Amino acid sequence: STSHIVQTEDLTGIKPTAVYPFLIDKSSAVEVSKKWAKRRLFAPSSYKKNLKAENVQGIYMPCFTFDSQTYSVYDGRIGKRKTRTVKRDGKTYTETYIDWRRVSGTLDMFFDDILISAGDIEQSNIDKIGDCSKETLCVYEKKFLAGFTASHYTRDVKKCWNHAKKEMDARLRTAILNMYFCDVVDYLNVSTKHCEVTYKYLLLPIYRLNYNFKKKNYPVLVNGNSSKVTGKAPVSPFRVTIAVL
């Protein structure tokens with residue numbers, strides 16, 4: 001988290017507070033996207049040999065990041081699979097059963113910069129390529145937008161905060177279950193209080209492009225700051241079959 005944070009009470013007239021600048025140019029983005037495409041295990045060879053990037057655009061995508069100190073109380077019933085030997089009708093069998101136990105307790109956890117998409121890029125893609133080096137984060141200034149498109153958020157801070165809470169809830173459940181060795185969960189109730197919540201409205205630098213194969217577009221996204229890549233590629237049924245065999 002940086003010092004450029006906004007208290008969650010100040011919801012009116014939000015402008016970007018921070019920006020991750022583009023650190024790679026268009027040609028570098030195309031190069032890393034080609035390397036990514038060539039590493040797609042199930043993509044057809046003819047696709048990999050004829051990679052021509054189309055519609056390459058540098059766009060600043062709106063995101064919110066949230067910090068929160070959480071205090072959780074939980075209770076649940078979890079189980080571990082075990083085996084035992086039983087005798088039935090003069091024969092010996094090995095059967096599997098679940099050894100159930102009740103658990104309860106508290107967990108305090110701090111969440112730092114949970115990144116939530118506020119635009120038209122799916123959250124699953126932001127999760128894959130959204131991370132940038134925090135040292136590169138800058139206070140927002142218009143000069144960063146020169147030569148790039150910037151889109152305003154379409155999902156407001158309250159919607160994004162609800163999404164962030166769900167993300168935190170999932171991580172809290174995972175953290176609680178990791179404290180116990182269990183195979184199955186009957187139920188786990190978690191009640192969480194959020195304190196000292198702050199957010200940033202920031203712009204994330206993304207190159208959008210696509211590769212065309214057999215008259216179909218396969219979109220690719222490149223983080224213009226960290227060079228991380230995600231996207232879609234065609235799948236060869238032949239390659240999948242060989243892998244399965």
# chains A, B, ... in the order shown; residues from 1 in each chain; ligands from 1
$ residues_around --residues "range 207-211 of chain A" --least-positions-apart "5" --cutoff "8 Å" --atoms "only C-alpha atoms" --output "ChimeraX atom specification"
/A:26,29,51-59,217-224
$ select_by_dssp --residues "range 39-192 of chain A" --states "helix (DSSP H, G or I)" --output "ChimeraX atom specification"
/A:45-49,123-129,134-136,142-145,157-177
$ residues_around --residues "Asp75 in chain A" --least-positions-apart "2" --cutoff "6 Å" --atoms "only C-alpha atoms" --output "ChimeraX atom specification"
/A:103-104,188-189
$ select_by_dssp --residues "range 77-195 of chain A" --states "strand (DSSP E or B)" --output "number ranges by chain"
A: 77-88, 91-117, 138-139, 149-150, 184-195
$ closest_residue --among "A:Lys87, A:Ala164, A:Tyr187, A:Tyr60" --to "Leu145 in chain A" --atoms "only C-alpha atoms"
A:Tyr60
$ atom_distance --atom1 "CA of Pro21 in chain A" --atom2 "CA of Leu203 in chain A"
8.4 Å
$ closest_residue --among "A:Lys216, A:Arg155, A:Arg88, A:Lys193" --to "Tyr71 in chain A" --atoms "only C-alpha atoms"
A:Lys193
$ atom_distance --atom1 "CA of Tyr140 in chain A" --atom2 "CA of Phe66 in chain A"
17.2 Å
$ closest_residue --among "A:Ser124, A:Ser72, A:Thr136, A:Ser46" --to "Arg173 in chain A" --atoms "only C-alpha atoms"
A:Ser72
$ residues_around --residues "range 127-130 of chain A" --least-positions-apart "6" --cutoff "7 Å" --atoms "only C-alpha atoms" --output "compact mmCIF listing (two decimals) with N, CA, C and O atoms, in the first residue's frame"
# COMPACT_ATOMS: atom_id res chain seq x y z
N ASN A 223 0.21 -6.95 -19.68
CA ASN A 223 0.39 -5.89 -18.69
C ASN A 223 1.55 -5.01 -19.15
O ASN A 223 2.68 -5.48 -19.27
N LYS A 228 3.33 -9.28 -17.92
CA LYS A 228 2.58 -10.53 -17.76
C LYS A 228 1.52 -10.63 -18.86
O LYS A 228 0.98 -9.62 -19.29
N VAL A 229 1.24 -11.87 -19.28
CA VAL A 229 0.35 -12.10 -20.42
C VAL A 229 -0.74 -13.10 -20.07
O VAL A 229 -0.51 -14.07 -19.35
N THR A 230 -1.93 -12.87 -20.60
CA THR A 230 -2.99 -13.87 -20.55
C THR A 230 -3.83 -13.71 -21.81
O THR A 230 -3.72 -12.71 -22.52
$ decode --residues "range 124-242 of chain A" --atoms "C-alpha atoms" --output "PDB file, in the first residue's frame"
ATOM      1  CA  SER A 124     -10.141 -13.564 -13.757  1.00  0.00           C
ATOM      2  CA  ASN A 125      -7.785 -11.824 -16.210  1.00  0.00           C
ATOM      3  CA  ILE A 126      -6.880  -9.103 -13.689  1.00  0.00           C
ATOM      4  CA  ASP A 127      -6.049 -11.884 -11.208  1.00  0.00           C
ATOM      5  CA  LYS A 128      -3.631 -13.405 -13.747  1.00  0.00           C
ATOM      6  CA  ILE A 129      -1.796 -10.297 -14.951  1.00  0.00           C
ATOM      7  CA  GLY A 130      -2.738  -7.422 -12.612  1.00  0.00           C
ATOM      8  CA  ASP A 131       0.286  -7.588 -10.315  1.00  0.00           C
ATOM      9  CA  CYS A 132       2.822  -4.804 -10.805  1.00  0.00           C
ATOM     10  CA  SER A 133       5.911  -3.826  -8.838  1.00  0.00           C
ATOM     11  CA  LYS A 134       4.713  -1.414  -6.144  1.00  0.00           C
ATOM     12  CA  GLU A 135       7.907   0.615  -6.568  1.00  0.00           C
ATOM     13  CA  THR A 136       6.631   1.724  -9.993  1.00  0.00           C
ATOM     14  CA  LEU A 137       3.322   3.131  -8.689  1.00  0.00           C
ATOM     15  CA  CYS A 138       2.990   6.887  -9.262  1.00  0.00           C
ATOM     16  CA  VAL A 139       0.617   9.595  -8.110  1.00  0.00           C
ATOM     17  CA  TYR A 140      -1.867  10.145 -10.944  1.00  0.00           C
ATOM     18  CA  GLU A 141      -1.056  12.930 -13.389  1.00  0.00           C
ATOM     19  CA  LYS A 142      -2.590  13.538 -16.825  1.00  0.00           C
ATOM     20  CA  LYS A 143       0.836  13.335 -18.486  1.00  0.00           C
ATOM     21  CA  PHE A 144       0.796   9.536 -18.075  1.00  0.00           C
ATOM     22  CA  LEU A 145      -2.158   9.290 -20.461  1.00  0.00           C
ATOM     23  CA  ALA A 146      -0.302  10.794 -23.426  1.00  0.00           C
ATOM     24  CA  GLY A 147      -0.481   8.370 -26.373  1.00  0.00           C
ATOM     25  CA  PHE A 148      -2.842   5.962 -24.603  1.00  0.00           C
ATOM     26  CA  THR A 149      -6.574   5.519 -24.166  1.00  0.00           C
ATOM     27  CA  ALA A 150      -7.999   5.666 -20.642  1.00  0.00           C
ATOM     28  CA  SER A 151     -11.430   4.338 -19.754  1.00  0.00           C
ATOM     29  CA  HIS A 152     -13.469   5.475 -16.747  1.00  0.00           C
ATOM     30  CA  TYR A 153     -14.793   2.896 -14.296  1.00  0.00           C
ATOM     31  CA  THR A 154     -18.114   1.233 -15.109  1.00  0.00           C
ATOM     32  CA  ARG A 155     -18.365  -0.477 -11.709  1.00  0.00           C
ATOM     33  CA  ASP A 156     -18.304   1.977  -8.825  1.00  0.00           C
ATOM     34  CA  VAL A 157     -16.316   1.703  -5.615  1.00  0.00           C
ATOM     35  CA  LYS A 158     -19.189   0.159  -3.636  1.00  0.00           C
ATOM     36  CA  LYS A 159     -19.670  -2.672  -6.147  1.00  0.00           C
ATOM     37  CA  CYS A 160     -15.922  -3.255  -6.264  1.00  0.00           C
ATOM     38  CA  TRP A 161     -15.726  -3.236  -2.454  1.00  0.00           C
ATOM     39  CA  ASN A 162     -18.400  -5.964  -2.320  1.00  0.00           C
ATOM     40  CA  HIS A 163     -16.321  -7.975  -4.800  1.00  0.00           C
ATOM     41  CA  ALA A 164     -13.189  -7.378  -2.707  1.00  0.00           C
ATOM     42  CA  LYS A 165     -14.969  -8.596   0.444  1.00  0.00           C
ATOM     43  CA  LYS A 166     -15.897 -11.841  -1.348  1.00  0.00           C
ATOM     44  CA  GLU A 167     -12.253 -12.268  -2.371  1.00  0.00           C
ATOM     45  CA  MET A 168     -11.139 -11.662   1.232  1.00  0.00           C
ATOM     46  CA  ASP A 169     -13.805 -14.072   2.533  1.00  0.00           C
ATOM     47  CA  ALA A 170     -12.478 -16.803   0.239  1.00  0.00           C
ATOM     48  CA  ARG A 171      -8.901 -16.199   1.410  1.00  0.00           C
ATOM     49  CA  LEU A 172      -9.979 -16.195   5.046  1.00  0.00           C
ATOM     50  CA  ARG A 173     -11.764 -19.551   4.625  1.00  0.00           C
ATOM     51  CA  THR A 174      -8.651 -20.988   2.964  1.00  0.00           C
ATOM     52  CA  ALA A 175      -6.416 -19.639   5.751  1.00  0.00           C
ATOM     53  CA  ILE A 176      -8.683 -21.143   8.433  1.00  0.00           C
ATOM     54  CA  LEU A 177      -8.841 -24.560   6.757  1.00  0.00           C
ATOM     55  CA  ASN A 178      -5.059 -24.527   6.273  1.00  0.00           C
ATOM     56  CA  MET A 179      -4.736 -24.434  10.064  1.00  0.00           C
ATOM     57  CA  TYR A 180      -6.303 -27.900  10.223  1.00  0.00           C
ATOM     58  CA  PHE A 181      -5.561 -31.109   8.348  1.00  0.00           C
ATOM     59  CA  CYS A 182      -8.888 -31.988   6.774  1.00  0.00           C
ATOM     60  CA  ASP A 183     -10.190 -33.695   3.644  1.00  0.00           C
ATOM     61  CA  VAL A 184     -13.852 -32.702   3.826  1.00  0.00           C
ATOM     62  CA  VAL A 185     -15.803 -29.745   5.185  1.00  0.00           C
ATOM     63  CA  ASP A 186     -19.330 -30.268   6.481  1.00  0.00           C
ATOM     64  CA  TYR A 187     -19.746 -26.549   7.167  1.00  0.00           C
ATOM     65  CA  LEU A 188     -17.653 -23.541   8.105  1.00  0.00           C
ATOM     66  CA  ASN A 189     -19.317 -20.362   9.380  1.00  0.00           C
ATOM     67  CA  VAL A 190     -17.089 -17.285   9.302  1.00  0.00           C
ATOM     68  CA  SER A 191     -18.169 -13.875  10.624  1.00  0.00           C
ATOM     69  CA  THR A 192     -15.775 -11.065   9.686  1.00  0.00           C
ATOM     70  CA  LYS A 193     -15.461  -7.455  10.807  1.00  0.00           C
ATOM     71  CA  HIS A 194     -13.559  -5.017   8.541  1.00  0.00           C
ATOM     72  CA  CYS A 195     -11.624  -2.111  10.089  1.00  0.00           C
ATOM     73  CA  GLU A 196      -9.386   0.689   8.772  1.00  0.00           C
ATOM     74  CA  VAL A 197     -10.611   0.138   5.220  1.00  0.00           C
ATOM     75  CA  THR A 198      -8.945   2.310   2.576  1.00  0.00           C
ATOM     76  CA  TYR A 199      -9.042   2.216  -1.203  1.00  0.00           C
ATOM     77  CA  LYS A 200      -7.196   3.584  -4.200  1.00  0.00           C
ATOM     78  CA  TYR A 201      -8.691   4.231  -7.615  1.00  0.00           C
ATOM     79  CA  LEU A 202      -5.840   3.422  -9.961  1.00  0.00           C
ATOM     80  CA  LEU A 203      -5.193   2.963 -13.654  1.00  0.00           C
ATOM     81  CA  LEU A 204      -3.597  -0.270 -14.844  1.00  0.00           C
ATOM     82  CA  PRO A 205      -1.646  -0.244 -18.150  1.00  0.00           C
ATOM     83  CA  ILE A 206      -2.859  -2.968 -20.505  1.00  0.00           C
ATOM     84  CA  TYR A 207      -2.061  -3.723 -24.144  1.00  0.00           C
ATOM     85  CA  ARG A 208      -4.958  -5.347 -25.956  1.00  0.00           C
ATOM     86  CA  LEU A 209      -4.380  -7.260 -29.178  1.00  0.00           C
ATOM     87  CA  ASN A 210      -5.568 -10.332 -30.985  1.00  0.00           C
ATOM     88  CA  TYR A 211      -4.330 -13.099 -33.245  1.00  0.00           C
ATOM     89  CA  ASN A 212      -6.519 -14.318 -36.078  1.00  0.00           C
ATOM     90  CA  PHE A 213      -6.665 -18.023 -36.876  1.00  0.00           C
ATOM     91  CA  LYS A 214      -9.112 -19.644 -39.293  1.00  0.00           C
ATOM     92  CA  LYS A 215     -11.256 -16.491 -39.370  1.00  0.00           C
ATOM     93  CA  LYS A 216     -11.572 -16.383 -35.591  1.00  0.00           C
ATOM     94  CA  ASN A 217     -10.057 -13.797 -33.234  1.00  0.00           C
ATOM     95  CA  TYR A 218      -8.122 -14.878 -30.152  1.00  0.00           C
ATOM     96  CA  PRO A 219      -7.693 -11.927 -27.754  1.00  0.00           C
ATOM     97  CA  VAL A 220      -4.516 -11.438 -25.723  1.00  0.00           C
ATOM     98  CA  LEU A 221      -3.824  -9.010 -22.868  1.00  0.00           C
ATOM     99  CA  VAL A 222      -0.340  -7.830 -21.869  1.00  0.00           C
ATOM    100  CA  ASN A 223       0.388  -5.886 -18.690  1.00  0.00           C
ATOM    101  CA  GLY A 224       2.286  -2.839 -19.971  1.00  0.00           C
ATOM    102  CA  ASN A 225       4.108  -2.489 -16.652  1.00  0.00           C
ATOM    103  CA  SER A 226       5.082  -6.063 -15.690  1.00  0.00           C
ATOM    104  CA  SER A 227       4.895  -7.804 -19.124  1.00  0.00           C
ATOM    105  CA  LYS A 228       2.582 -10.526 -17.759  1.00  0.00           C
ATOM    106  CA  VAL A 229       0.351 -12.097 -20.424  1.00  0.00           C
ATOM    107  CA  THR A 230      -2.988 -13.869 -20.550  1.00  0.00           C
ATOM    108  CA  GLY A 231      -5.498 -14.598 -23.289  1.00  0.00           C
ATOM    109  CA  LYS A 232      -7.070 -17.220 -25.479  1.00  0.00           C
ATOM    110  CA  ALA A 233      -5.515 -19.518 -28.085  1.00  0.00           C
ATOM    111  CA  PRO A 234      -6.971 -22.144 -30.421  1.00  0.00           C
ATOM    112  CA  VAL A 235      -6.867 -25.753 -29.272  1.00  0.00           C
ATOM    113  CA  SER A 236      -5.815 -28.656 -31.484  1.00  0.00           C
ATOM    114  CA  PRO A 237      -7.960 -31.759 -30.781  1.00  0.00           C
ATOM    115  CA  PHE A 238      -5.071 -33.877 -32.105  1.00  0.00           C
ATOM    116  CA  ARG A 239      -2.624 -32.436 -29.513  1.00  0.00           C
ATOM    117  CA  VAL A 240      -5.153 -32.894 -26.718  1.00  0.00           C
ATOM    118  CA  THR A 241      -5.722 -36.517 -27.728  1.00  0.00           C
ATOM    119  CA  ILE A 242      -1.978 -37.245 -27.710  1.00  0.00           C
TER     120      ILE A 242
END
